[in-house]
>>> print(open('input03.txt').read())   # compact mmCIF, C-alpha atoms
# COMPACT_ATOMS: atom_id res chain seq x y z
CA MET A 146 0.00 0.00 0.00
CA GLY A 147 1.36 3.41 -0.97
CA ARG A 148 2.35 5.87 1.76
CA LYS A 149 2.28 9.65 1.83
CA ILE A 150 5.77 11.06 2.23
CA LEU A 151 6.95 14.66 2.49
CA LEU A 152 10.29 15.51 0.88
CA VAL A 153 11.94 18.79 1.97
CA GLU A 154 14.90 19.28 -0.37
CA ASP A 155 16.14 22.43 -2.14
CA ASP A 156 18.28 20.67 -4.77
CA ARG A 157 16.01 20.04 -7.76
CA THR A 158 18.06 17.13 -9.16
CA THR A 159 18.06 15.29 -5.83
CA ALA A 160 14.37 16.01 -5.29
CA ASP A 161 13.41 14.69 -8.73
CA PHE A 162 15.55 11.57 -8.18
CA ILE A 163 13.84 10.78 -4.86
CA ARG A 164 10.29 11.59 -6.02
CA LYS A 165 10.72 9.41 -9.11
CA GLY A 166 11.89 6.49 -6.94
CA LEU A 167 9.01 6.93 -4.49
CA ALA A 168 6.46 7.01 -7.31
CA GLU A 169 7.92 3.83 -8.83
CA HIS A 170 7.29 2.07 -5.51
CA GLY A 171 3.71 3.31 -5.22
CA HIS A 172 4.26 6.12 -2.73
CA VAL A 173 2.97 9.70 -2.97
CA GLY A 174 5.81 12.19 -2.59
CA ASP A 175 4.93 15.83 -1.83
CA HIS A 176 7.79 18.30 -2.18
CA ALA A 177 8.85 21.52 -0.45
CA ALA A 178 11.92 23.38 -1.69
CA ASN A 179 12.69 25.33 1.51
CA GLY A 180 12.48 24.90 5.25
CA ARG A 181 9.57 27.24 5.93
CA ASP A 182 7.32 25.59 3.35
CA GLY A 183 8.40 22.18 4.59
CA LEU A 184 7.50 23.04 8.18
CA PHE A 185 4.10 24.41 7.11
CA MET A 186 3.31 21.25 5.13
CA ALA A 187 4.59 18.91 7.84
CA THR A 188 2.48 20.43 10.61
CA ASP A 189 -0.75 18.99 9.23
CA GLY A 190 0.39 15.61 10.58
CA GLY A 191 -0.89 13.76 7.53
CA TYR A 192 2.41 12.23 6.39
CA ASP A 193 3.67 8.73 7.08
CA ALA A 194 7.30 9.91 6.96
CA ILE A 195 9.40 12.98 6.20
CA ILE A 196 12.67 13.09 4.25
CA LEU A 197 14.37 16.29 5.42
CA ASP A 198 17.52 17.85 3.99
CA ARG A 199 19.75 19.39 6.63
CA MET A 200 20.98 22.42 4.66
CA LEU A 201 17.92 24.39 3.49
CA PRO A 202 17.20 28.00 2.52
CA GLY A 203 14.84 30.02 4.70
CA MET A 204 15.06 27.67 7.69
CA ASP A 205 17.61 24.89 8.06
CA GLY A 206 16.65 21.26 8.57
CA LEU A 207 17.58 21.09 12.25
CA ALA A 208 15.38 24.13 12.98
CA VAL A 209 12.49 22.52 11.08
CA LEU A 210 13.00 19.30 13.03
CA SER A 211 13.12 21.08 16.39
CA ALA A 212 9.93 23.00 15.57
CA LEU A 213 8.11 19.80 14.60
CA ARG A 214 9.10 17.96 17.76
CA ALA A 215 8.27 20.99 19.92
CA ALA A 216 4.79 21.00 18.35
CA GLY A 217 4.32 17.35 19.34
CA ILE A 218 4.49 16.03 15.76
CA GLU A 219 6.09 12.57 15.93
CA THR A 220 6.12 11.73 12.20
CA PRO A 221 9.27 9.66 11.46
CA VAL A 222 12.03 11.83 9.96
CA ILE A 223 15.08 10.80 7.94
CA LEU A 224 17.65 13.57 7.84
CA LEU A 225 19.72 13.86 4.65
CA SER A 226 23.08 15.59 4.77
CA ALA A 227 26.43 15.88 3.04
CA LEU A 228 27.90 16.23 6.56
CA GLY A 229 28.96 12.74 7.50
CA SER A 230 31.19 13.00 10.58
CA VAL A 231 30.24 11.21 13.79
CA ASP A 232 29.52 14.55 15.48
CA ASP A 233 27.21 15.60 12.64
CA ARG A 234 25.26 12.34 12.83
CA VAL A 235 24.96 12.54 16.61
CA THR A 236 23.71 16.14 16.34
CA GLY A 237 21.06 15.11 13.82
CA LEU A 238 19.88 12.12 15.84
CA THR A 239 19.76 13.96 19.16
CA ALA A 240 17.82 16.80 17.51
CA GLY A 241 14.93 14.39 17.03
CA SER A 242 15.48 12.63 13.72
CA ASP A 243 14.77 8.90 13.52
CA ASP A 244 17.55 8.21 11.03
CA TYR A 245 20.44 10.01 9.32
CA LEU A 246 21.60 9.28 5.77
CA VAL A 247 24.74 10.79 4.28
CA LYS A 248 24.82 12.07 0.68
CA PRO A 249 25.44 10.63 -1.82
CA PHE A 250 23.28 7.58 -1.16
CA ALA A 251 21.62 4.74 -3.06
CA PHE A 252 17.85 5.10 -3.37
CA ALA A 253 17.43 1.44 -2.37
CA GLU A 254 18.98 2.22 1.02
CA LEU A 255 16.77 5.29 1.52
CA LEU A 256 13.68 3.24 0.66
CA ALA A 257 14.65 0.39 3.00
CA ARG A 258 15.20 2.81 5.87
CA LEU A 259 11.90 4.59 5.15
CA GLU A 260 9.94 1.34 5.13
CA LEU A 261 11.56 0.22 8.38
CA LEU A 262 10.62 3.49 10.10
CA MET A 263 7.04 3.33 8.83
CA ARG A 264 6.70 -0.30 9.94
CA ARG A 265 7.93 0.64 13.41
CA ARG A 266 5.40 3.45 13.59
CA GLY A 267 2.55 1.08 12.78
CA SER A 268 3.85 -1.82 14.84
CA GLY A 269 1.36 -1.14 17.62
CA THR A 270 -1.39 -2.80 15.61
CA HIS A 271 0.43 -6.05 14.85
CA VAL A 272 3.54 -7.49 16.45
CA GLU A 273 5.31 -10.25 14.56
CA THR A 274 6.52 -13.08 16.80
CA VAL A 275 7.54 -15.58 14.09
CA LEU A 276 9.67 -14.76 11.03
CA THR A 277 10.05 -17.15 8.09
CA CYS A 278 12.11 -17.31 4.91
CA ALA A 279 11.90 -20.48 2.80
CA THR A 280 12.58 -23.34 5.25
CA LEU A 281 14.10 -21.00 7.85
CA ARG A 282 11.90 -20.16 10.85
CA MET A 283 12.66 -17.81 13.76
CA ASP A 284 10.47 -17.73 16.88
CA LEU A 285 11.16 -14.38 18.56
CA LEU A 286 9.39 -15.26 21.81
CA LYS A 287 11.07 -18.63 22.32
CA ARG A 288 14.37 -17.33 20.83
CA GLU A 289 14.50 -20.45 18.65
CA VAL A 290 15.69 -20.84 15.06
CA LYS A 291 15.08 -23.88 12.83
CA ARG A 292 16.01 -24.77 9.25
CA GLY A 293 13.35 -27.33 8.44
CA GLU A 294 13.48 -29.70 11.42
CA ARG A 295 17.10 -28.84 12.26
CA ALA A 296 17.56 -26.58 15.30
CA ILE A 297 20.18 -23.85 14.91
CA ASP A 298 22.05 -22.66 18.00
CA LEU A 299 22.94 -18.95 17.71
CA GLN A 300 24.85 -16.53 19.89
CA PRO A 301 22.90 -13.37 20.88
CA ARG A 302 24.59 -11.19 18.23
CA GLU A 303 24.09 -13.85 15.56
CA PHE A 304 20.41 -14.05 16.50
CA ARG A 305 20.05 -10.29 16.18
CA LEU A 306 21.87 -10.30 12.84
CA LEU A 307 19.69 -13.06 11.44
CA GLU A 308 16.54 -11.33 12.72
CA TYR A 309 17.56 -8.16 10.86
CA LEU A 310 18.21 -10.11 7.66
CA MET A 311 14.88 -11.93 7.97
CA ARG A 312 12.98 -8.67 8.49
CA HIS A 313 14.55 -7.50 5.20
CA ALA A 314 14.27 -10.82 3.36
CA GLY A 315 14.63 -10.41 -0.40
CA GLN A 316 16.23 -6.97 -0.04
CA VAL A 317 19.87 -6.00 -0.35
CA VAL A 318 21.07 -4.98 3.11
CA THR A 319 24.13 -2.71 3.14
CA ARG A 320 27.00 -2.76 5.62
CA THR A 321 25.84 0.63 6.92
CA MET A 322 22.35 -0.72 7.60
CA LEU A 323 23.81 -3.71 9.49
CA LEU A 324 26.19 -1.54 11.52
CA GLU A 325 23.35 0.74 12.59
CA GLY A 326 20.61 -1.89 12.91
CA VAL A 327 22.57 -4.68 14.63
CA TRP A 328 25.61 -3.04 16.24
CA ASP A 329 24.10 0.42 16.91
CA TYR A 330 27.09 2.09 15.26
CA HIS A 331 26.30 5.24 13.28
CA PHE A 332 29.74 5.06 11.68
CA ASP A 333 32.00 2.35 10.26
CA PRO A 334 34.70 1.46 12.84
CA GLY A 335 36.83 0.06 10.02
CA THR A 336 36.80 -3.56 11.18
CA ASN A 337 35.65 -6.79 9.54
CA VAL A 338 33.13 -7.48 12.33
CA ILE A 339 30.26 -7.87 9.84
CA ASP A 340 32.16 -10.27 7.57
CA VAL A 341 33.13 -12.47 10.52
CA HIS A 342 29.58 -12.71 11.86
CA ILE A 343 28.06 -13.28 8.40
CA SER A 344 30.56 -16.09 7.81
CA ARG A 345 29.67 -17.77 11.12
CA LEU A 346 25.95 -17.33 10.50
CA ARG A 347 26.23 -18.75 6.98
CA ARG A 348 27.98 -21.89 8.27
CA LYS A 349 25.09 -22.50 10.68
CA VAL A 350 22.14 -21.56 8.45
CA ASP A 351 23.39 -23.03 5.16
CA ALA A 352 24.85 -26.23 6.63
CA ASP A 353 24.35 -29.87 5.61
CA GLY A 354 23.93 -29.18 1.89
CA ASP A 355 20.89 -26.93 2.31
CA GLN A 356 20.14 -24.50 -0.50
CA PRO A 357 22.07 -21.30 0.35
CA LEU A 358 19.91 -18.53 1.80
CA ILE A 359 22.57 -15.97 2.77
CA HIS A 360 24.03 -14.33 -0.33
CA THR A 361 26.80 -11.78 -0.76
CA VAL A 362 25.87 -9.05 -3.26
CA ARG A 363 29.24 -7.87 -4.53
CA GLY A 364 29.88 -4.20 -3.87
CA ALA A 365 26.49 -3.71 -2.17
CA GLY A 366 25.97 -5.94 0.88
CA TYR A 367 24.00 -9.08 1.66
CA ARG A 368 20.63 -10.60 0.83
CA LEU A 369 18.61 -13.31 2.55
CA GLY A 370 16.45 -15.45 0.27
CA GLU A 371 16.41 -18.36 -2.16
>>> encode(input="input03.txt", output="structure tokens")
Amino acid sequence: MGRKILLVEDDRTTADFIRKGLAEHGHVGDHAANGRDGLFMATDGGYDAIILDRMLPGMDGLAVLSALRAAGIETPVILLSALGSVDDRVTGLTAGSDDYLVKPFAFAELLARLELLMRRRGSGTHVETVLTCATLRMDLLKREVKRGERAIDLQPREFRLLEYLMRHAGQVVTRTMLLEGVWDYHFDPGTNVIDVHISRLRRKVDADGDQPLIHTVRGAGYRLGE
């Protein structure tokens, strides 16, 4: 089902790129080219999510964000910025944004983050307790994982990693998404921590000649699926 999303972005090329991608995935993308218009449009509370550029004419993105939160508007916000240092990300997140994406970015990553935020917002109506992908089954309440009838014993971080992959089954999940979603890092510490855990998880999930479910997508990330 299509969602209604507000894009506040002054760069016409970037705005057209994002709106085209949203439309292709069935979403309605309204656009404001400056901070003041964006704030006015956002205050009606009718949007499922807001994509907000940080550097805007008239009123910058952080000021728009602060005004929205002060007005009690809790619409999920993804902040876009060319400023990618740890301090910049922390400032954006503590100002009230739900996510922070550094330019340039792949639209697929923006879309995946948007859909995750919108699912979280609506999660009060339905809470998933069992995740499945092909013959793989994860019971979140019992903390059990099975591949067919075979039980899989996972360490806590492996469980969390597999849960993230299963919630994004069929999608390409980037290293940045895994760092932020599984390790709570909003920056890359420059280690091979993801590769090590993926390798361990793959040995457990795709063991005994089972059809591989965990795939490496060269230059992009990982995908769970047949």
>>> atom_distance(input="input03.txt", atom1="atom CA of A:Glu303", atom2="atom CA of A:Met283")
12.2 Å
>>> closest_atom_pairs(input="input03.txt", of="stretch 151-171 of chain A", to="stretch 196-219 of chain A", cutoff="6 Å", atoms="all atoms listed in the file", output="JSON lines")
{"residue": "A:Leu152", "atom": "CA", "partner": "A:Ile196", "partner_atom": "CA", "distance": 4.8}
{"residue": "A:Val153", "atom": "CA", "partner": "A:Leu197", "partner_atom": "CA", "distance": 4.9}
{"residue": "A:Glu154", "atom": "CA", "partner": "A:Asp198", "partner_atom": "CA", "distance": 5.3}
>>> closest_residue(input="input03.txt", among="A:Leu369, A:Ile343, A:Leu238, A:Val275", to="A:Arg302", atoms="all atoms listed in the file")
A:Ile343
>>> closest_residue(input="input03.txt", among="A:Arg234, A:Arg305, A:Arg320, A:Lys287", to="A:Leu346", atoms="all atoms listed in the file")
A:Arg305
>>> residues_around(input="input03.txt", residues="A:Ala194", least_positions_apart="3", cutoff="8 Å", atoms="only C-alpha atoms", output="MDAnalysis selection string")
chainID A and resid 149:151 220:223 259 262:263
>>> closest_residue(input="input03.txt", among="A:Leu299, A:Val318, A:Ala187, A:Gly326", to="A:Arg347", atoms="all atoms listed in the file")
A:Leu299
>>> residues_around(input="input03.txt", residues="A:Glu254", least_positions_apart="3", cutoff="8 Å", atoms="all atoms listed in the file", output="list in words")
Phe250, Ala251, Ala257, Arg258, Val318, Thr319 and Met322 of chain A
>>> atom_distance(input="input03.txt", atom1="atom CA of A:Tyr367", atom2="atom CA of A:Ser344")
11.4 Å
>>> atom_distance(input="input03.txt", atom1="atom CA of A:Ala365", atom2="atom CA of A:Leu225")
20.0 Å
>>> residues_around(input="input03.txt", residues="A:Ile359", least_positions_apart="4", cutoff="12 Å", atoms="only C-alpha atoms", output="JSON, numbers by chain")
{"A": [278, 279, 281, 306, 307, 310, 311, 313, 314, 315, 316, 317, 318, 342, 343, 344, 345, 346, 347, 348, 349, 350, 351, 352, 355, 366, 367, 368, 369, 370, 371]}
>>> closest_residue(input="input03.txt", among="A:Phe304, A:Tyr192, A:Tyr309, A:Phe162", to="A:Glu325", atoms="all atoms listed in the file")
A:Tyr309
>>> axis_aligned_box(input="input03.txt", around="stretch 314-327 of chain A", padding_each_side="6 Å", output="lines of an AutoDock Vina configuration file")
center_x = 20.6
center_y = -5.0
center_z = 7.1
size_x = 24.7
size_y = 23.6
size_z = 27.0
>>> closest_residue(input="input03.txt", among="A:Lys165, A:Arg157, A:Arg312, A:Arg264", to="A:Leu276", atoms="all atoms listed in the file")
A:Arg312
>>> build_atoms(input="input03.txt", residues="stretch 315-335 of chain A", atoms="N, CA, C and O atoms", output="compact mmCIF listing (two decimals), in the frame of the given file")
# COMPACT_ATOMS: atom_id res chain seq x y z
N GLY A 315 14.82 -10.77 1.00
CA GLY A 315 14.63 -10.41 -0.40
C GLY A 315 15.23 -9.07 -0.77
O GLY A 315 15.32 -8.73 -1.95
N GLN A 316 15.64 -8.29 0.22
CA GLN A 316 16.23 -6.97 -0.04
C GLN A 316 17.74 -7.03 0.13
O GLN A 316 18.26 -7.84 0.90
N VAL A 317 18.43 -6.14 -0.56
CA VAL A 317 19.87 -6.00 -0.35
C VAL A 317 20.07 -5.14 0.90
O VAL A 317 19.53 -4.04 1.00
N VAL A 318 20.79 -5.69 1.86
CA VAL A 318 21.07 -4.98 3.11
C VAL A 318 22.53 -4.54 3.08
O VAL A 318 23.43 -5.35 2.92
N THR A 319 22.77 -3.25 3.22
CA THR A 319 24.13 -2.71 3.14
C THR A 319 24.87 -2.87 4.46
O THR A 319 24.27 -3.09 5.52
N ARG A 320 26.19 -2.70 4.40
CA ARG A 320 27.00 -2.76 5.62
C ARG A 320 26.58 -1.66 6.59
O ARG A 320 26.53 -1.88 7.80
N THR A 321 26.27 -0.48 6.06
CA THR A 321 25.84 0.63 6.92
C THR A 321 24.56 0.28 7.66
O THR A 321 24.42 0.55 8.87
N MET A 322 23.60 -0.32 6.96
CA MET A 322 22.35 -0.72 7.60
C MET A 322 22.59 -1.74 8.72
O MET A 322 21.99 -1.65 9.79
N LEU A 323 23.50 -2.69 8.47
CA LEU A 323 23.81 -3.71 9.49
C LEU A 323 24.53 -3.08 10.68
O LEU A 323 24.22 -3.41 11.84
N LEU A 324 25.47 -2.19 10.43
CA LEU A 324 26.19 -1.54 11.52
C LEU A 324 25.22 -0.79 12.43
O LEU A 324 25.32 -0.83 13.65
N GLU A 325 24.27 -0.08 11.81
CA GLU A 325 23.35 0.74 12.59
C GLU A 325 22.22 -0.10 13.19
O GLU A 325 21.77 0.17 14.30
N GLY A 326 21.75 -1.12 12.45
CA GLY A 326 20.61 -1.89 12.91
C GLY A 326 20.96 -3.01 13.88
O GLY A 326 20.13 -3.40 14.70
N VAL A 327 22.19 -3.53 13.80
CA VAL A 327 22.57 -4.68 14.63
C VAL A 327 23.61 -4.30 15.68
O VAL A 327 23.56 -4.76 16.82
N TRP A 328 24.55 -3.43 15.31
CA TRP A 328 25.61 -3.04 16.24
C TRP A 328 25.40 -1.67 16.87
O TRP A 328 26.15 -1.25 17.74
N ASP A 329 24.39 -0.92 16.40
CA ASP A 329 24.10 0.42 16.91
C ASP A 329 25.24 1.41 16.66
O ASP A 329 25.38 2.40 17.39
N TYR A 330 26.06 1.13 15.64
CA TYR A 330 27.09 2.09 15.26
C TYR A 330 26.51 3.01 14.18
O TYR A 330 25.92 2.53 13.21
N HIS A 331 26.71 4.31 14.33
CA HIS A 331 26.30 5.24 13.28
C HIS A 331 27.52 5.69 12.47
O HIS A 331 27.55 6.76 11.89
N PHE A 332 28.54 4.83 12.46
CA PHE A 332 29.74 5.06 11.68
C PHE A 332 30.41 3.71 11.49
O PHE A 332 30.12 2.76 12.23
N ASP A 333 31.29 3.60 10.51
CA ASP A 333 32.00 2.35 10.26
C ASP A 333 33.30 2.36 11.06
O ASP A 333 34.17 3.19 10.81
N PRO A 334 33.47 1.46 12.03
CA PRO A 334 34.70 1.46 12.84
C PRO A 334 35.91 0.91 12.09
O PRO A 334 37.00 0.86 12.64
N GLY A 335 35.71 0.50 10.83
CA GLY A 335 36.83 0.06 10.02
C GLY A 335 37.31 -1.33 10.35
O GLY A 335 38.48 -1.65 10.16
